[in-house]
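Source file query-v6.txt; content: compact mmCIF, C-alpha atoms.
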```
# COMPACT_ATOMS: atom_id res chain seq x y z
CA MET A 1 44.78 14.15 5.48
CA THR A 2 41.15 14.14 6.64
CA THR A 3 38.68 16.56 5.10
CA THR A 4 35.33 17.53 6.54
CA ALA A 5 32.31 17.92 4.31
CA PRO A 6 30.92 21.46 4.29
CA SER A 7 27.96 22.01 6.57
CA GLN A 8 24.64 21.65 4.74
CA PRO A 9 21.32 23.16 5.82
CA PRO A 10 18.86 20.41 6.68
CA ALA A 11 16.44 19.40 3.95
CA ASP A 12 12.97 20.86 4.42
CA PRO A 13 10.28 18.13 4.20
CA ILE A 14 7.52 20.76 4.04
CA ASP A 15 8.99 22.39 0.95
CA ILE A 16 9.36 18.94 -0.60
CA LEU A 17 5.78 18.03 0.28
CA ARG A 18 4.31 21.26 -1.08
CA THR A 19 6.19 20.78 -4.35
CA LEU A 20 4.93 17.19 -4.61
CA ILE A 21 1.33 18.22 -3.91
CA ARG A 22 1.56 20.77 -6.72
CA CYS A 23 2.34 17.91 -9.12
CA PRO A 24 -1.07 16.61 -10.30
CA SER A 25 0.04 12.98 -10.32
CA VAL A 26 -3.34 11.26 -10.43
CA THR A 27 -2.72 7.61 -11.40
CA PRO A 28 -1.17 6.91 -13.89
CA ALA A 29 0.06 10.48 -14.56
CA GLU A 30 3.57 11.25 -13.33
CA GLY A 31 2.64 14.92 -13.03
CA GLY A 32 6.24 16.05 -12.56
CA ALA A 33 6.59 14.41 -9.13
CA LEU A 34 9.19 11.80 -10.04
CA ALA A 35 11.11 14.25 -12.24
CA TYR A 36 11.35 16.60 -9.26
CA LEU A 37 12.57 13.86 -6.91
CA ASP A 38 14.99 12.53 -9.52
CA ALA A 39 16.68 15.93 -9.78
CA LEU A 40 16.70 16.40 -6.01
CA LEU A 41 18.31 13.04 -5.34
CA SER A 42 20.79 13.00 -8.21
CA ASN A 43 22.06 16.41 -7.13
CA ALA A 44 22.68 14.94 -3.66
CA GLY A 45 24.82 12.08 -4.99
CA PHE A 46 22.20 9.35 -5.43
CA ALA A 47 22.43 7.13 -8.50
CA THR A 48 18.94 7.42 -9.98
CA HIS A 49 17.01 5.34 -12.50
CA ARG A 50 13.74 6.38 -14.13
CA VAL A 51 12.01 3.21 -15.23
CA THR A 52 8.92 3.24 -17.44
CA LEU A 53 7.06 -0.06 -17.17
CA THR A 54 4.49 -1.32 -19.65
CA SER A 55 2.00 -4.11 -20.21
CA PRO A 56 -0.84 -4.75 -22.68
CA ASP A 57 -4.16 -3.02 -22.00
CA THR A 58 -2.84 -0.90 -19.11
CA PRO A 59 -1.25 2.56 -19.17
CA ASP A 60 2.52 2.95 -19.10
CA VAL A 61 3.78 4.00 -15.66
CA GLU A 62 6.90 5.91 -14.66
CA ASN A 63 8.83 4.73 -11.59
CA LEU A 64 12.02 5.82 -9.82
CA TYR A 65 14.79 3.97 -8.00
CA ALA A 66 17.61 5.88 -6.32
CA ARG A 67 20.55 4.57 -4.30
CA PHE A 68 23.24 6.21 -2.20
CA GLY A 69 26.13 3.84 -1.64
CA THR A 70 27.39 0.76 -3.41
CA ARG A 71 27.82 -1.76 -0.60
CA GLY A 72 25.37 -3.83 1.39
CA PRO A 73 23.29 -3.92 3.36
CA ASN A 74 20.80 -1.78 1.48
CA LEU A 75 18.08 -0.06 3.53
CA CYS A 76 15.22 0.96 1.26
CA PHE A 77 12.34 3.37 1.80
CA ALA A 78 9.43 2.72 -0.53
CA GLY A 79 6.33 4.64 -1.48
CA HIS A 80 4.21 6.10 -4.24
CA THR A 81 3.72 9.54 -5.71
CA ASP A 82 0.46 8.80 -7.51
CA VAL A 83 -2.77 9.94 -5.87
CA VAL A 84 -6.49 9.31 -6.24
CA PRO A 85 -8.60 11.93 -8.06
CA PRO A 86 -9.56 14.93 -5.90
CA GLY A 87 -13.26 14.78 -6.78
CA ASP A 88 -15.08 18.10 -7.00
CA ALA A 89 -12.38 20.71 -6.39
CA ALA A 90 -15.06 23.24 -5.48
CA GLN A 91 -15.78 21.21 -2.34
CA TRP A 92 -12.23 21.68 -1.08
CA ARG A 93 -11.36 24.40 1.39
CA PHE A 94 -8.20 25.08 -0.63
CA PRO A 95 -7.38 23.92 -4.18
CA PRO A 96 -6.35 20.24 -3.97
CA PHE A 97 -3.09 20.74 -5.88
CA GLU A 98 -1.99 23.99 -4.26
CA GLY A 99 -0.28 22.76 -1.08
CA ALA A 100 -1.81 25.51 1.04
CA ILE A 101 -0.77 25.85 4.67
CA HIS A 102 -3.37 27.16 7.11
CA GLU A 103 -2.97 27.30 10.89
CA GLY A 104 -0.12 24.81 10.87
CA VAL A 105 -1.85 22.29 8.59
CA ILE A 106 -0.92 21.52 4.99
CA PHE A 107 -3.81 20.72 2.65
CA GLY A 108 -3.77 18.88 -0.65
CA ARG A 109 -4.41 15.62 -2.43
CA GLY A 110 -1.68 13.23 -1.34
CA ALA A 111 -0.71 15.17 1.78
CA VAL A 112 -1.31 11.99 3.78
CA ASP A 113 -1.46 9.22 1.17
CA MET A 114 1.36 9.34 0.67
CA LYS A 115 3.35 12.34 -0.45
CA GLY A 116 3.76 13.33 3.20
CA GLY A 117 5.57 10.08 3.92
CA VAL A 118 7.63 10.40 0.74
CA ALA A 119 8.67 13.96 1.62
CA ALA A 120 9.70 12.83 5.10
CA PHE A 121 11.94 9.98 4.05
CA ILE A 122 13.40 11.93 1.13
CA ALA A 123 14.34 14.77 3.49
CA ALA A 124 15.90 12.30 5.95
CA GLY A 125 17.82 10.69 3.07
CA LEU A 126 19.09 14.02 1.76
CA ASP A 127 20.41 14.86 5.23
CA PHE A 128 22.10 11.45 5.39
CA ALA A 129 23.76 12.04 2.02
CA GLY A 130 24.79 15.54 3.08
CA ALA A 131 26.42 14.17 6.21
CA HIS A 132 28.57 11.98 3.96
CA GLY A 133 29.60 14.81 1.71
CA HIS A 134 27.21 13.71 -1.06
CA ASP A 135 29.79 10.99 -1.81
CA PRO A 136 28.15 7.55 -2.13
CA ASN A 137 31.59 5.89 -1.94
CA HIS A 138 32.38 7.46 1.43
CA ALA A 139 34.74 5.11 3.23
CA GLU A 140 32.77 5.29 6.47
CA LEU A 141 29.43 4.37 4.90
CA PRO A 142 28.62 0.81 6.06
CA GLY A 143 25.99 0.07 3.43
CA SER A 144 23.54 1.83 1.14
CA LEU A 145 20.36 3.87 1.41
CA SER A 146 17.81 3.63 -1.38
CA PHE A 147 14.36 4.84 -2.41
CA LEU A 148 11.84 2.89 -4.47
CA LEU A 149 8.99 5.04 -5.79
CA THR A 150 6.11 4.11 -8.04
CA GLY A 151 3.35 5.94 -9.87
CA ASP A 152 0.99 2.94 -9.89
CA GLU A 153 -0.11 2.18 -6.33
CA GLU A 154 -3.55 3.76 -6.34
CA GLY A 155 -4.37 2.20 -9.71
CA PRO A 156 -4.12 -1.40 -10.96
CA ALA A 157 -0.60 -1.81 -9.48
CA ILE A 158 0.51 -3.72 -12.56
CA ASN A 159 3.32 -1.49 -13.87
CA GLY A 160 4.61 -0.33 -10.51
CA THR A 161 6.38 -1.76 -7.48
CA GLU A 162 6.03 -5.44 -8.38
CA LYS A 163 7.68 -5.05 -11.78
CA LEU A 164 10.21 -2.52 -10.50
CA LEU A 165 11.40 -5.03 -7.90
CA ARG A 166 11.84 -7.62 -10.64
CA TRP A 167 13.71 -5.04 -12.72
CA LEU A 168 16.10 -4.55 -9.79
CA ALA A 169 16.51 -8.29 -9.24
CA ASP A 170 17.37 -8.79 -12.92
CA ARG A 171 20.24 -6.35 -12.36
CA ASP A 172 21.43 -8.10 -9.19
CA GLU A 173 20.29 -5.14 -7.12
CA ARG A 174 19.57 -6.40 -3.60
CA ILE A 175 17.37 -4.73 -0.99
CA ASP A 176 17.96 -6.05 2.53
CA HIS A 177 15.30 -4.25 4.57
CA CYS A 178 12.45 -1.91 3.64
CA VAL A 179 10.29 0.70 5.33
CA LEU A 180 7.12 1.54 3.40
CA GLY A 181 5.94 5.03 4.32
CA GLU A 182 2.18 4.44 4.11
CA PRO A 183 -0.04 6.29 6.63
CA THR A 184 -0.33 3.69 9.41
CA SER A 185 -0.85 5.85 12.51
CA ARG A 186 -4.45 5.86 13.78
CA VAL A 187 -4.85 8.81 16.14
CA GLU A 188 -1.35 10.08 16.92
CA LEU A 189 1.89 9.73 15.01
CA GLY A 190 3.69 6.66 16.29
CA ASP A 191 0.75 4.71 17.70
CA MET A 192 0.85 1.91 15.09
CA VAL A 193 3.15 0.19 12.62
CA LYS A 194 2.19 -2.55 10.22
CA ILE A 195 4.33 -5.69 10.43
CA GLY A 196 2.21 -7.60 7.95
CA ARG A 197 -1.00 -7.54 5.99
CA ARG A 198 -3.94 -9.81 5.48
CA GLY A 199 -4.36 -11.44 2.10
CA SER A 200 -7.19 -10.55 -0.27
CA LEU A 201 -9.30 -12.89 -2.39
CA SER A 202 -12.28 -11.76 -4.49
CA ALA A 203 -14.88 -13.81 -6.35
CA THR A 204 -18.14 -13.61 -8.29
CA LEU A 205 -20.87 -16.14 -7.56
CA THR A 206 -23.56 -16.66 -10.21
CA VAL A 207 -26.70 -18.68 -9.50
CA LEU A 208 -28.38 -19.94 -12.66
CA GLY A 209 -32.15 -20.06 -13.10
CA LYS A 210 -34.71 -19.89 -15.86
CA GLN A 211 -36.46 -16.69 -16.89
CA GLY A 212 -40.23 -16.65 -16.87
CA HIS A 213 -43.47 -14.89 -15.96
CA VAL A 214 -44.10 -14.28 -12.24
CA GLY A 215 -47.67 -15.45 -12.74
CA TYR A 216 -46.42 -18.87 -13.88
CA PRO A 217 -43.56 -19.66 -11.50
CA HIS A 218 -43.81 -23.39 -12.19
CA LEU A 219 -42.58 -22.65 -15.71
CA ALA A 220 -39.54 -20.70 -14.46
CA GLU A 221 -36.70 -21.17 -11.97
CA ASN A 222 -36.02 -18.22 -9.69
CA PRO A 223 -32.27 -17.98 -8.87
CA ILE A 224 -32.70 -15.50 -6.01
CA PRO A 225 -33.75 -17.94 -3.25
CA GLY A 226 -30.79 -20.11 -4.26
CA MET A 227 -28.48 -17.13 -4.00
CA VAL A 228 -29.78 -16.42 -0.50
CA THR A 229 -29.07 -20.03 0.46
CA LEU A 230 -25.53 -19.99 -0.87
CA LEU A 231 -24.58 -16.64 0.64
CA ALA A 232 -25.96 -17.77 3.98
CA ALA A 233 -23.76 -20.87 3.76
CA LEU A 234 -20.68 -18.74 3.11
CA LYS A 235 -21.40 -16.61 6.19
CA ALA A 236 -22.75 -19.32 8.50
CA GLU A 237 -19.46 -20.29 10.16
CA PRO A 238 -16.36 -18.16 10.89
CA LEU A 239 -13.44 -18.96 8.64
CA ASP A 240 -11.13 -19.02 11.66
CA GLY A 241 -10.53 -17.39 15.02
CA GLY A 242 -7.39 -15.43 14.17
CA ASN A 243 -4.04 -15.84 15.93
CA ALA A 244 -1.39 -13.91 17.83
CA HIS A 245 -0.61 -11.48 15.00
CA PHE A 246 -3.78 -11.55 12.87
CA GLN A 247 -7.44 -10.94 13.46
CA ALA A 248 -9.99 -13.48 12.23
CA SER A 249 -10.41 -13.79 8.46
CA ASN A 250 -13.52 -12.04 7.16
CA LEU A 251 -15.76 -12.62 4.15
CA GLU A 252 -17.68 -9.52 3.08
CA ILE A 253 -20.47 -9.58 0.49
CA VAL A 254 -20.10 -6.38 -1.52
CA SER A 255 -22.72 -6.74 -4.27
CA VAL A 256 -25.88 -8.72 -5.07
CA ASP A 257 -27.51 -8.04 -8.43
CA VAL A 258 -30.02 -9.52 -10.86
CA GLY A 259 -30.24 -6.58 -13.27
CA ASN A 260 -34.02 -6.92 -13.44
CA PRO A 261 -36.05 -3.73 -14.06
CA ALA A 262 -39.43 -5.52 -14.28
CA PHE A 263 -41.87 -6.59 -11.56
CA ASN A 264 -43.45 -9.35 -13.63
CA VAL A 265 -40.34 -11.22 -14.77
CA ILE A 266 -38.45 -13.93 -12.88
CA PRO A 267 -34.77 -13.32 -13.73
CA ALA A 268 -32.56 -15.88 -15.42
CA GLU A 269 -29.62 -15.49 -13.04
CA ALA A 270 -28.39 -13.70 -9.92
CA ARG A 271 -24.85 -12.54 -9.24
CA ALA A 272 -23.03 -11.71 -6.04
CA ARG A 273 -19.52 -10.44 -5.46
CA PHE A 274 -17.54 -10.93 -2.29
CA ASN A 275 -14.08 -10.28 -0.89
CA ILE A 276 -12.21 -12.15 1.82
CA ARG A 277 -9.46 -10.55 3.88
CA PHE A 278 -7.61 -13.53 5.33
CA ASN A 279 -4.81 -14.22 7.77
CA ASP A 280 -1.80 -16.52 7.51
CA LEU A 281 -3.85 -19.60 8.41
CA TRP A 282 -4.87 -19.64 4.73
CA THR A 283 -3.41 -19.33 1.25
CA PRO A 284 -5.52 -18.23 -1.71
CA GLU A 285 -5.60 -21.86 -2.83
CA THR A 286 -6.75 -23.38 0.47
CA LEU A 287 -9.27 -20.59 0.97
CA ALA A 288 -10.72 -21.07 -2.53
CA ALA A 289 -11.07 -24.77 -1.78
CA GLU A 290 -12.96 -24.01 1.45
CA ILE A 291 -15.33 -21.64 -0.35
CA GLY A 292 -15.95 -24.29 -2.98
CA ARG A 293 -16.67 -26.89 -0.30
CA ARG A 294 -19.21 -24.68 1.47
CA LEU A 295 -21.03 -23.85 -1.75
CA SER A 296 -21.11 -27.45 -2.93
CA ALA A 297 -22.53 -28.66 0.38
CA ALA A 298 -25.24 -25.98 0.40
CA ALA A 299 -26.19 -26.40 -3.27
CA GLY A 300 -26.51 -30.17 -3.24
CA ASN A 301 -28.25 -31.37 -6.39
CA GLU A 302 -30.81 -28.57 -6.33
CA LEU A 303 -28.91 -25.41 -7.28
CA ARG A 304 -26.92 -24.58 -10.40
CA TYR A 305 -24.17 -22.06 -9.89
CA ALA A 306 -20.80 -20.86 -11.16
CA LEU A 307 -17.92 -19.45 -9.10
CA ALA A 308 -15.14 -17.32 -10.59
CA PHE A 309 -12.21 -16.02 -8.55
CA GLU A 310 -10.44 -12.82 -9.58
CA PRO A 311 -6.93 -13.55 -10.88
CA ARG A 312 -5.01 -10.97 -8.81
CA SER A 313 -5.32 -12.26 -5.28
CA SER A 314 -2.68 -11.44 -2.67
CA ASP A 315 -1.14 -13.54 0.09
CA SER A 316 -1.04 -12.60 3.72
CA PHE A 317 2.42 -12.03 5.18
CA LEU A 318 4.15 -11.26 8.45
CA THR A 319 7.50 -9.64 9.23
CA ALA A 320 8.04 -11.36 12.55
CA PRO A 321 9.14 -9.21 15.50
CA GLY A 322 12.91 -9.26 15.75
CA GLU A 323 15.95 -7.04 15.20
CA PHE A 324 14.57 -4.94 12.33
CA VAL A 325 11.12 -4.43 13.85
CA ASP A 326 12.72 -3.62 17.20
CA LEU A 327 15.00 -1.04 15.57
CA VAL A 328 12.08 0.82 13.95
CA VAL A 329 9.96 0.62 17.09
CA ALA A 330 12.84 2.04 19.15
CA ALA A 331 13.28 4.92 16.68
CA ILE A 332 9.57 5.73 16.87
CA ALA A 333 9.51 5.53 20.66
CA GLN A 334 12.57 7.75 21.06
CA THR A 335 11.26 10.39 18.66
CA THR A 336 7.55 10.46 19.51
CA GLY A 337 7.46 9.11 23.06
CA ARG A 338 5.00 6.42 21.94
CA ARG A 339 5.57 2.70 21.64
CA PRO A 340 3.56 1.63 18.60
CA GLU A 341 1.15 -1.26 18.39
CA LEU A 342 2.34 -3.95 15.99
CA SER A 343 -0.57 -4.50 13.61
CA THR A 344 -1.60 -6.44 10.51
CA THR A 345 -5.01 -4.77 10.09
CA GLY A 346 -6.34 -2.71 7.20
CA GLY A 347 -6.22 -3.15 3.47
CA THR A 348 -3.47 -4.19 1.11
CA SER A 349 -0.44 -2.14 0.09
CA ASP A 350 2.67 -2.52 -2.05
CA ALA A 351 4.25 -4.31 0.92
CA ARG A 352 2.59 -7.43 -0.52
CA PHE A 353 5.14 -7.27 -3.34
CA ILE A 354 8.13 -6.13 -1.29
CA LYS A 355 7.82 -9.00 1.20
CA ASP A 356 8.93 -11.43 -1.53
CA PHE A 357 12.32 -9.68 -1.66
CA CYS A 358 13.10 -8.58 1.90
CA PRO A 359 11.59 -7.95 5.35
CA VAL A 360 9.24 -4.95 5.18
CA ILE A 361 7.31 -2.92 7.72
CA GLU A 362 5.06 0.09 7.21
CA PHE A 363 5.01 3.33 9.14
CA GLY A 364 3.70 6.79 8.39
CA LEU A 365 1.32 9.63 9.15
CA VAL A 366 -2.14 9.55 10.71
CA GLY A 367 -4.39 8.35 7.90
CA THR A 368 -7.82 9.68 8.85
CA SER A 369 -8.12 12.13 5.92
CA MET A 370 -6.58 10.04 3.13
CA HIS A 371 -8.65 9.99 -0.09
CA ALA A 372 -11.08 12.51 1.46
CA VAL A 373 -12.00 16.06 0.51
CA ASP A 374 -9.63 18.43 2.35
CA GLU A 375 -6.96 15.77 2.82
CA ALA A 376 -4.48 17.37 5.20
CA THR A 377 -1.76 16.77 7.76
CA PRO A 378 -0.17 18.98 10.44
CA VAL A 379 3.16 20.44 9.42
CA GLU A 380 4.69 19.32 12.72
CA GLU A 381 3.67 15.70 12.07
CA VAL A 382 5.57 15.69 8.77
CA ALA A 383 8.60 17.16 10.56
CA ALA A 384 8.30 14.57 13.33
CA LEU A 385 8.00 11.74 10.80
CA THR A 386 11.19 13.02 9.15
CA ARG A 387 12.93 12.80 12.52
CA VAL A 388 11.70 9.23 12.98
CA PHE A 389 13.01 8.20 9.57
CA ALA A 390 16.34 9.92 10.25
CA GLU A 391 16.60 7.98 13.52
CA VAL A 392 15.81 4.71 11.71
CA ILE A 393 18.61 5.43 9.22
CA ALA A 394 21.07 6.38 11.97
CA ARG A 395 20.32 3.28 14.04
CA TYR A 396 20.43 0.96 11.03
CA PHE A 397 23.88 2.02 9.92
CA ALA A 398 25.25 2.46 13.43
CA ALA A 399 24.42 -1.18 14.12
CA ARG A 400 26.27 -2.25 10.98
CA GLY A 401 29.21 0.08 11.45
CA ARG A 402 30.27 -1.47 14.74
```
In structure tokens, what does this structure look like?
Amino acid sequence: MTTTAPSQPPADPIDILRTLIRCPSVTPAEGGALAYLDALLSNAGFATHRVTLTSPDTPDVENLYARFGTRGPNLCFAGHTDVVPPGDAAQWRFPPFEGAIHEGVIFGRGAVDMKGGVAAFIAAGLDFAGAHGHDPNHAELPGSLSFLLTGDEEGPAINGTEKLLRWLADRDERIDHCVLGEPTSRVELGDMVKIGRRGSLSATLTVLGKQGHVGYPHLAENPIPGMVTLLAALKAEPLDGGNAHFQASNLEIVSVDVGNPAFNVIPAEARARFNIRFNDLWTPETLAAEIGRRLSAAAGNELRYALAFEPRSSDSFLTAPGEFVDLVVAAIAQTTGRRPELSTTGGTSDARFIKDFCPVIEFGLVGTSMHAVDEATPVEEVAALTRVFAEVIARYFAARGR
């Protein structure tokens, strides 16, 4: 005898988003956001796990993993519920943790980055579970749907996604494909997806001199001209010309400082900080070697300097166009009428951790107001993003159910 699951009203992503915005989950505070999602998903038949991750000298962070289904393949949607501080709340048009809706736009810290994306894929997942009678062992379910959520993306990212993925691997929990719901659209929803990210390498360059009186420069050694020489050498030649999927690697000097308040003192040292966003023609190791070569050649025997690279660099990566990318692109095109550009531009994200476990692409809302005062997104865009994610889920399991 075949039974039909009772009809369920569709999940409302706007209600979910407003509730999430009202949770003041500034990194590393959980703010009630993960507790709310835990209850929502467990009531819909998801097996949920709240995982608090720790490390010395950094705050403990709460994370959440939820799965509907017990078989593979496992399609995962990933994201974060932590947000950056709102700044001066008095500068906001509406309170940053109110979730106000005005003229079809929802305002609040995290509306775009990235509680809007989280609300959209949670709503799509709840509808998927409802269609299967909230029974994760439904005989017709050709795989599993899961959510991986962290509270440590906007902060140091030490006790978040990276460790949560290892926690899953230690329990033989496999993720086969992942969609990260970061705000990737530029002008209109659906105009861009990220199929990779550039790597990031940061360093501090210190040029050593000898402090002395400006009136007696022969008794001192000014490090500033040497710093100018070395920085010019770093910027003199392009690192590369880019390739089919990546733009050229770029070195950006972000700080030059001698900490000298006096006009009559030659400083003892000068420091500069720089960051390189690099493509897949480099690794952190080969790039560090190239930086060292350029500095050594420019310094010769005349300049004394020290170079220290930051320990938490990240590799570039690419999810090559193929079946999974095509599936997501088709879902976006069908829902929005736009065929997205495949991009690897922008900063880093938690995809840099996920790519070590499965193919990952990123897609989400228009990101122009993220981290800004009056962060906001149109209600209809959140609804449309929910439809895109629902189409991704439908296509993914339809392909595996044949």
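When the distance limit is 10 Å and only C-alpha atoms are what count, the residues near A:Glu391, minus those fewer than 2 positions from it on the same chain, are Ala124, Leu327, Val328, Ala330, Ala331, Ile332, Gln334, Thr335, Leu385, Thr386, Arg387, Val388, Phe389, Ile393, Ala394, Arg395 and Tyr396 of chain A.
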Neighbour list for stretch 83-86 of chain A as a ChimeraX atom specification, cut-off 12 Å, all atoms listed in the file, skip fewer than 4 positions in-chain
/A:20-31,33,79,90-92,94-98,107-116,150-156,370-375
Using only C-alpha atoms, which residues sit within 9 Å of A:Leu234 once same-chain residues fewer than 3 positions away are excluded, as a PDB file with C-alpha atoms, in the coordinates of the input?
```
ATOM      1  CA  THR A 229     -29.070 -20.030   0.460  1.00  0.00           C
ATOM      2  CA  LEU A 230     -25.530 -19.990  -0.870  1.00  0.00           C
ATOM      3  CA  LEU A 231     -24.580 -16.640   0.640  1.00  0.00           C
ATOM      4  CA  GLU A 237     -19.460 -20.290  10.160  1.00  0.00           C
ATOM      5  CA  PRO A 238     -16.360 -18.160  10.890  1.00  0.00           C
ATOM      6  CA  LEU A 251     -15.760 -12.620   4.150  1.00  0.00           C
ATOM      7  CA  ILE A 291     -15.330 -21.640  -0.350  1.00  0.00           C
ATOM      8  CA  ARG A 294     -19.210 -24.680   1.470  1.00  0.00           C
ATOM      9  CA  LEU A 295     -21.030 -23.850  -1.750  1.00  0.00           C
ATOM     10  CA  ALA A 298     -25.240 -25.980   0.400  1.00  0.00           C
TER      11      ALA A 298
END
```
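The shortest atom-to-atom distance to A:His213, with only C-alpha atoms taken into account, belongs to A:Asn264 out of A:Thr184, A:Asn264, A:Ser343, A:Thr319.
With distances restricted to only C-alpha atoms, A:Ile354 is the closest residue to A:Lys163 from A:Ile354, A:Ala232, A:Leu201, A:Val360.
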Taking (-36.6, -19.8, -16.9) in the file's coordinates, which residues come within 10 Å, counting only C-alpha atoms, written as a ChimeraX atom specification?
/A:208-213,217-223,265-269
All residues 8 Å or closer to stretch 188-196 of chain A, all atoms listed in the file, same chain fewer than 5 positions away omitted, as a ChimeraX atom specification
/A:316-321,325,332-333,336,338-345,360-366,381,385
Only C-alpha atoms, please: the residues just picked out, written as a CSV table (one decimal), keeping the file's coordinate frame.
```
chain,number,residue,atom,x,y,z
A,316,SER,CA,-1.0,-12.6,3.7
A,317,PHE,CA,2.4,-12.0,5.2
A,318,LEU,CA,4.2,-11.3,8.4
A,319,THR,CA,7.5,-9.6,9.2
A,320,ALA,CA,8.0,-11.4,12.6
A,321,PRO,CA,9.1,-9.2,15.5
A,325,VAL,CA,11.1,-4.4,13.8
A,332,ILE,CA,9.6,5.7,16.9
A,333,ALA,CA,9.5,5.5,20.7
A,336,THR,CA,7.6,10.5,19.5
A,338,ARG,CA,5.0,6.4,21.9
A,339,ARG,CA,5.6,2.7,21.6
A,340,PRO,CA,3.6,1.6,18.6
A,341,GLU,CA,1.2,-1.3,18.4
A,342,LEU,CA,2.3,-4.0,16.0
A,343,SER,CA,-0.6,-4.5,13.6
A,344,THR,CA,-1.6,-6.4,10.5
A,345,THR,CA,-5.0,-4.8,10.1
A,360,VAL,CA,9.2,-5.0,5.2
A,361,ILE,CA,7.3,-2.9,7.7
A,362,GLU,CA,5.1,0.1,7.2
A,363,PHE,CA,5.0,3.3,9.1
A,364,GLY,CA,3.7,6.8,8.4
A,365,LEU,CA,1.3,9.6,9.2
A,366,VAL,CA,-2.1,9.6,10.7
A,381,GLU,CA,3.7,15.7,12.1
A,385,LEU,CA,8.0,11.7,10.8
```
One decimal, Å: what's the distance from atom CA of A:Arg277 over to atom CA of A:Gln247, could you say?
9.8 Å
Please indicate the distance in Å from atom CA of A:Val105 to atom CA of A:Ala376, rounded to one decimal place.
6.5 Å
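When atom CA of A:Glu162 is paired with atom CA of A:Glu323, their separation reads 25.6 Å.
Residues with any atom within 12 Å of the point (23.7, 10.5, -8.2), counting all atoms listed in the file, are Leu37, Asp38, Ala39, Leu40, Leu41, Ser42, Asn43, Ala44, Gly45, Phe46, Ala47, Thr48, His49, Tyr65, Ala66, Arg67, Phe68, Gly69, Thr70, Leu126, Ala129, His134, Asp135, Pro136, Asn137 and Ser146 of chain A.
You can rank A:Val329, A:Ser202, A:Ile122, A:Leu287 by their closest distance to A:Ala308 using all atoms listed in the file, and at the top of that list sits A:Ser202.
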Test item: residues at most 8 Å from A:Gly125, all atoms listed in the file, excluding those fewer than 4 positions along its chain, as a tab-separated table (two decimals) with C-alpha atoms, in the coordinates of the input:
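around-v3.tsv was written with the following content:
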```tsv
chain	number	residue	atom	x	y	z
A	121	PHE	CA	11.94	9.98	4.05
A	129	ALA	CA	23.76	12.04	2.02
A	145	LEU	CA	20.36	3.87	1.41
A	390	ALA	CA	16.34	9.92	10.25
```
